[in-house]
file run.txt (compact mmCIF, C-alpha atoms)
# COMPACT_ATOMS: atom_id res chain seq x y z
CA ARG C 1 1.04 -16.36 -48.80
CA ARG C 2 -2.14 -16.98 -50.64
CA SER C 3 -5.46 -17.64 -48.89
CA SER C 4 -5.75 -20.99 -50.66
CA ASP C 5 -2.50 -22.13 -48.96
CA LEU C 6 -3.88 -21.19 -45.54
CA SER C 7 -7.17 -22.94 -46.11
CA MET C 8 -5.38 -25.99 -47.45
CA GLY C 9 -3.14 -26.03 -44.38
CA GLY C 10 -6.24 -25.75 -42.17
CA LEU C 11 -7.73 -28.74 -43.94
CA VAL C 12 -4.57 -30.80 -43.43
CA ILE C 13 -4.31 -29.87 -39.76
CA ARG C 14 -7.98 -30.66 -39.20
CA ALA C 15 -7.62 -34.02 -40.94
CA LEU C 16 -4.60 -34.93 -38.81
CA ARG C 17 -6.31 -33.78 -35.62
CA ASN C 18 -9.43 -35.85 -36.35
CA PHE C 19 -7.54 -38.92 -37.58
CA ASN C 20 -8.29 -42.02 -35.51
CA VAL C 21 -10.05 -39.98 -32.80
CA GLU C 22 -12.25 -42.81 -31.60
CA ASN C 23 -9.40 -45.28 -31.10
CA ARG C 24 -7.31 -42.68 -29.31
CA ALA C 25 -10.20 -41.87 -27.00
CA HIS C 26 -10.77 -45.57 -26.18
CA ARG C 27 -7.09 -45.95 -25.45
CA LEU C 28 -7.14 -43.02 -23.01
CA VAL C 29 -10.27 -44.26 -21.27
CA GLY C 30 -8.90 -47.79 -21.01
CA ARG C 31 -5.68 -46.74 -19.26
CA GLU C 32 -5.24 -47.38 -15.57
CA LYS C 33 -6.13 -44.42 -13.48
CA PRO C 34 -3.22 -42.79 -11.67
CA ALA C 35 -2.89 -43.70 -8.02
CA ALA C 36 -3.61 -41.04 -5.42
CA ALA C 37 -0.67 -39.25 -3.93
CA PRO C 38 0.54 -40.81 -0.69
CA LEU C 39 -0.63 -39.13 2.48
CA HIS C 40 1.72 -37.39 4.83
CA PRO C 41 2.75 -39.84 7.56
CA ALA C 42 1.08 -37.73 10.28
CA ALA C 43 -2.22 -37.60 8.36
CA ALA C 44 -2.09 -41.33 7.65
CA GLN C 45 -1.58 -42.06 11.37
CA GLU C 46 -4.53 -39.79 12.26
CA ILE C 47 -6.83 -41.59 9.84
CA GLN C 48 -5.70 -45.04 10.98
CA SER C 49 -6.26 -44.16 14.63
CA HIS C 50 -9.91 -43.13 13.98
CA VAL C 51 -10.82 -46.04 11.71
CA PRO C 52 -11.78 -48.52 14.48
CA GLU C 53 -13.88 -45.90 16.29
CA VAL C 54 -15.71 -44.93 13.14
CA ARG C 55 -16.43 -48.52 12.19
CA GLU C 56 -17.69 -49.22 15.67
CA LYS C 57 -20.09 -46.24 15.50
CA ILE C 58 -21.38 -47.30 12.11
CA TYR C 59 -22.24 -50.86 13.08
CA LYS C 60 -23.34 -50.17 16.68
CA LYS C 61 -27.10 -50.14 17.29
CA ASP C 62 -28.09 -46.83 18.92
CA ASP C 63 -31.22 -47.29 21.05
CA ASN C 64 -31.84 -43.54 21.34
CA LEU C 65 -31.95 -43.06 17.55
CA LEU C 66 -34.05 -46.20 17.17
CA SER C 67 -36.66 -44.92 19.64
CA LEU C 68 -36.79 -41.56 17.80
CA LEU C 69 -37.25 -43.37 14.52
CA LYS C 70 -40.16 -45.39 15.92
CA GLU C 71 -41.93 -42.13 16.88
CA VAL C 72 -41.88 -40.85 13.29
CA TYR C 73 -45.25 -41.20 11.59
CA VAL C 74 -45.76 -40.37 7.91
CA ASP C 75 -49.23 -39.76 6.57
CA SER C 76 -49.67 -39.15 2.85
CA THR C 77 -52.55 -38.97 0.42
CA ASP C 78 -52.56 -39.56 -3.31
CA PRO C 79 -53.39 -36.66 -5.65
CA ALA C 80 -56.68 -36.64 -7.52
CA PRO C 81 -56.76 -39.28 -10.26
CA VAL C 82 -56.18 -38.09 -13.82
CA GLN C 83 -58.21 -39.64 -16.62
CA VAL C 84 -56.59 -40.11 -20.02
CA ARG C 85 -58.80 -40.17 -23.11
CA GLN C 86 -57.46 -40.41 -26.66
CA GLY C 87 -54.13 -38.86 -25.75
CA HIS C 88 -55.69 -35.88 -23.92
CA VAL C 89 -55.23 -35.44 -20.19
CA THR C 90 -58.34 -34.10 -18.48
CA ARG C 91 -59.15 -33.84 -14.81
CA SER C 92 -62.37 -35.50 -13.71
CA HIS C 93 -63.66 -32.40 -11.89
CA GLU C 94 -62.96 -29.97 -14.75
CA GLU C 95 -66.08 -28.25 -16.04
CA ARG C 96 -66.46 -27.50 -19.72
CA ARG C 97 -68.76 -25.19 -21.65
CA ARG C 98 -69.88 -24.76 -25.24
CA PRO C 99 -68.15 -21.87 -27.05
CA LYS C 100 -70.28 -18.78 -27.58
CA LEU C 101 -68.75 -18.07 -31.00
CA THR C 102 -67.44 -20.35 -33.72
CA PHE C 103 -65.84 -19.74 -37.08
CA LYS C 104 -68.45 -20.54 -39.70
CA GLN C 105 -66.27 -20.57 -42.82
CA ASP C 106 -63.61 -23.04 -41.71
CA PRO C 107 -63.32 -25.68 -44.45
CA PHE C 108 -60.70 -27.79 -42.63
CA ASN C 109 -62.19 -27.54 -39.10
CA ILE C 110 -58.99 -26.07 -37.76
CA LEU C 111 -60.70 -23.44 -35.64
CA SER C 112 -63.80 -25.43 -34.71
CA VAL C 113 -63.97 -26.21 -31.01
CA GLU C 114 -66.74 -28.34 -29.47
CA ASN C 115 -66.18 -27.39 -25.84
CA VAL C 116 -63.91 -25.09 -23.88
CA PRO C 117 -62.81 -25.58 -20.26
CA LYS C 118 -64.26 -23.04 -17.85
CA GLY C 119 -61.78 -20.30 -17.17
CA LYS C 120 -60.37 -20.47 -20.71
CA LEU C 121 -61.25 -18.95 -24.08
CA SER C 122 -61.10 -20.13 -27.65
CA ILE C 123 -59.14 -17.95 -30.07
CA ILE C 124 -62.29 -16.58 -31.65
CA GLU C 125 -63.84 -15.74 -28.29
CA ALA C 126 -60.66 -13.99 -27.12
CA LEU C 127 -60.45 -11.89 -30.28
CA THR C 128 -64.15 -11.05 -30.09
CA ALA C 129 -63.92 -10.03 -26.43
CA LEU C 130 -60.87 -7.85 -27.13
CA ASN C 131 -62.55 -6.25 -30.13
CA ASN C 132 -65.80 -5.61 -28.23
CA HIS C 133 -63.86 -3.97 -25.40
CA LYS C 134 -61.89 -1.86 -27.87
CA HIS C 135 -64.96 -0.53 -29.68
CA HIS C 136 -67.36 -0.32 -26.69
CA PRO C 137 -65.28 -0.06 -23.48
CA ASP C 138 -68.26 1.31 -21.51
CA THR C 139 -70.48 -1.73 -22.13
CA TRP C 140 -67.82 -4.43 -22.42
CA THR C 141 -66.00 -3.91 -19.14
CA ALA C 142 -63.66 -6.44 -17.59
CA GLN C 143 -66.42 -7.47 -15.18
CA LYS C 144 -68.90 -8.15 -18.00
CA ILE C 145 -66.36 -10.15 -20.05
CA ALA C 146 -65.50 -12.22 -16.95
CA GLU C 147 -69.17 -13.04 -16.36
CA GLU C 148 -69.92 -13.68 -20.04
CA TYR C 149 -67.09 -16.18 -20.58
CA SER C 150 -66.79 -17.68 -17.03
CA LEU C 151 -63.35 -16.19 -16.38
CA GLU C 152 -61.63 -14.77 -13.33
CA LEU C 153 -61.57 -10.98 -13.14
CA LYS C 154 -57.78 -10.75 -12.69
CA ASP C 155 -57.24 -12.84 -15.83
CA VAL C 156 -59.58 -10.62 -17.84
CA LYS C 157 -57.81 -7.48 -16.60
CA SER C 158 -54.46 -8.96 -17.63
CA LEU C 159 -55.90 -9.91 -21.02
CA LEU C 160 -57.19 -6.39 -21.61
CA ASP C 161 -53.92 -4.80 -20.43
CA PHE C 162 -51.46 -6.92 -22.37
CA PHE C 163 -53.32 -7.95 -25.55
CA ILE C 164 -54.48 -5.29 -27.96
CA PRO C 165 -56.10 -6.15 -31.31
CA PHE C 166 -54.56 -4.65 -34.42
CA ASN C 167 -55.77 -1.46 -36.04
CA ILE C 168 -55.90 -1.76 -39.80
CA LYS C 169 -55.97 1.56 -41.59
CA VAL C 170 -56.26 1.71 -45.35
CA ILE C 171 -55.32 5.10 -46.70
CA PRO C 172 -56.82 5.47 -50.17
CA PRO C 173 -54.74 7.38 -52.71
CA THR C 174 -56.21 10.83 -53.33
CA ASP C 175 -54.93 11.21 -56.85
CA ARG C 176 -53.34 8.86 -59.38
CA LYS C 177 -50.85 11.50 -60.46
CA SER C 178 -49.53 12.04 -56.95
CA VAL C 179 -48.76 8.36 -56.52
call {"tool": "encode", "arguments": {"input": "run.txt", "output": "C-alpha cells"}}
result
Amino acid sequence: RRSSDLSMGGLVIRALRNFNVENRAHRLVGREKPAAAPLHPAAAQEIQSHVPEVREKIYKKDDNLLSLLKEVYVDSTDPAPVQVRQGHVTRSHEERRRPKLTFKQDPFNILSVENVPKGKLSIIEALTALNNHKHHPDTWTAQKIAEEYSLELKDVKSLLDFFIPFNIKVIPPTDRKSV
C-alpha cells in the first residue's frame, strides 16, 4: 500500500466518526436513564422495615440536641478593610518609602518608581544591592543591606544566597592572525 492510501483512509474514517456528532450526543443525553437493578427481596424488606423509624427520627424534635445548639456561641471579626485605588489593591496600614536609586535614562518611564512598599525593593535597588555585596562583601553585609533598604534580615540572606549578578568577561583578541 502507498502512504497516500493510508492517509486518505484516515481522513475518511475521521470524517465518518465526526459526522453528525452533536445530534448523536443530544440523542444519547435525551434518552431515558436505565432503571436501577431490583433489590434482593431480603434487602428490600430490610430497607422497608427501617423506613418508618428513620422518618420518625428525622422529623422528631430532639430536646437534647436543641439545648446543645443553644449553647453554641460564634464570635467573628471582619478582616482589616482593603482600599482600592485605580485598580491597585493597597492595605491602609502599609508603609511606603521613596526609592534610593532610580534609572535616569528611561525614556518611556518603564523603570521609574515613585514609591516602594517597605520590605520590598525595586529592580534597580535589588541589582545595586547585589552588585555592591559582590564587589564589597565586607562593607555591604546582609545586615547593612537590610538596614539600608528596610528589609528583613532573613529575606536579605535569601536574596544574597539565591540571586547572583552576572559576570561579563570580554576577552580581547590578542592577534588578528590567530582569530
call {"tool": "closest_residue", "arguments": {"input": "run.txt", "among": "C:Tyr149, C:Tyr73, C:Phe19, C:Trp140", "to": "Val116 in chain C", "atoms": "all atoms listed in the file"}}
result
C:Tyr149
call {"tool": "atom_distance", "arguments": {"input": "run.txt", "atom1": "CA of Lys118 in chain C", "atom2": "CA of Ile145 in chain C"}}
result
13.2 Å
call {"tool": "axis_aligned_box", "arguments": {"input": "run.txt", "around": "range 50-54 of chain C", "padding_each_side": "8 Å", "output": "AutoDock Vina command-line options"}}
result
--center_x -12.8 --center_y -45.8 --center_z 14.0 --size_x 21.8 --size_y 21.4 --size_z 20.6
call {"tool": "atom_distance", "arguments": {"input": "run.txt", "atom1": "CA of Pro52 in chain C", "atom2": "CA of Leu39 in chain C"}}
result
18.9 Å
call {"tool": "atom_distance", "arguments": {"input": "run.txt", "atom1": "CA of Ile164 in chain C", "atom2": "CA of Pro117 in chain C"}}
result
23.2 Å
call {"tool": "residues_near_point", "arguments": {"input": "run.txt", "point": "(-53.7, -4.5, -30.6)", "cutoff": "12 Å", "atoms": "all atoms listed in the file", "output": "mmCIF file with C-alpha atoms, in the coordinates of the input"}}
result
data_model
loop_
_atom_site.group_PDB
_atom_site.id
_atom_site.type_symbol
_atom_site.label_atom_id
_atom_site.label_comp_id
_atom_site.auth_asym_id
_atom_site.auth_seq_id
_atom_site.Cartn_x
_atom_site.Cartn_y
_atom_site.Cartn_z
ATOM 1 C CA LEU C 127 -60.450 -11.890 -30.280
ATOM 2 C CA LEU C 130 -60.870 -7.850 -27.130
ATOM 3 C CA ASN C 131 -62.550 -6.250 -30.130
ATOM 4 C CA HIS C 133 -63.860 -3.970 -25.400
ATOM 5 C CA LYS C 134 -61.890 -1.860 -27.870
ATOM 6 C CA HIS C 135 -64.960 -0.530 -29.680
ATOM 7 C CA LEU C 159 -55.900 -9.910 -21.020
ATOM 8 C CA LEU C 160 -57.190 -6.390 -21.610
ATOM 9 C CA ASP C 161 -53.920 -4.800 -20.430
ATOM 10 C CA PHE C 162 -51.460 -6.920 -22.370
ATOM 11 C CA PHE C 163 -53.320 -7.950 -25.550
ATOM 12 C CA ILE C 164 -54.480 -5.290 -27.960
ATOM 13 C CA PRO C 165 -56.100 -6.150 -31.310
ATOM 14 C CA PHE C 166 -54.560 -4.650 -34.420
ATOM 15 C CA ASN C 167 -55.770 -1.460 -36.040
ATOM 16 C CA ILE C 168 -55.900 -1.760 -39.800
#
call {"tool": "closest_residue", "arguments": {"input": "run.txt", "among": "C:Val74, C:Leu65, C:Leu11, C:Ala129", "to": "Leu151 in chain C", "atoms": "only C-alpha atoms"}}
result
C:Ala129
call {"tool": "residues_around", "arguments": {"input": "run.txt", "residues": "Leu153 in chain C", "least_positions_apart": "5", "cutoff": "12 Å", "atoms": "all atoms listed in the file", "output": "short mmCIF file (atom, residue, chain, number, x, y, z; two decimals) with C-alpha atoms, in the coordinates of the input"}}
result
data_model
loop_
_atom_site.label_atom_id
_atom_site.label_comp_id
_atom_site.auth_asym_id
_atom_site.auth_seq_id
_atom_site.Cartn_x
_atom_site.Cartn_y
_atom_site.Cartn_z
CA GLY C 119 -61.78 -20.30 -17.17
CA THR C 141 -66.00 -3.91 -19.14
CA ALA C 142 -63.66 -6.44 -17.59
CA GLN C 143 -66.42 -7.47 -15.18
CA LYS C 144 -68.90 -8.15 -18.00
CA ILE C 145 -66.36 -10.15 -20.05
CA ALA C 146 -65.50 -12.22 -16.95
CA GLU C 147 -69.17 -13.04 -16.36
CA GLU C 148 -69.92 -13.68 -20.04
CA SER C 158 -54.46 -8.96 -17.63
CA LEU C 159 -55.90 -9.91 -21.02
CA LEU C 160 -57.19 -6.39 -21.61
#
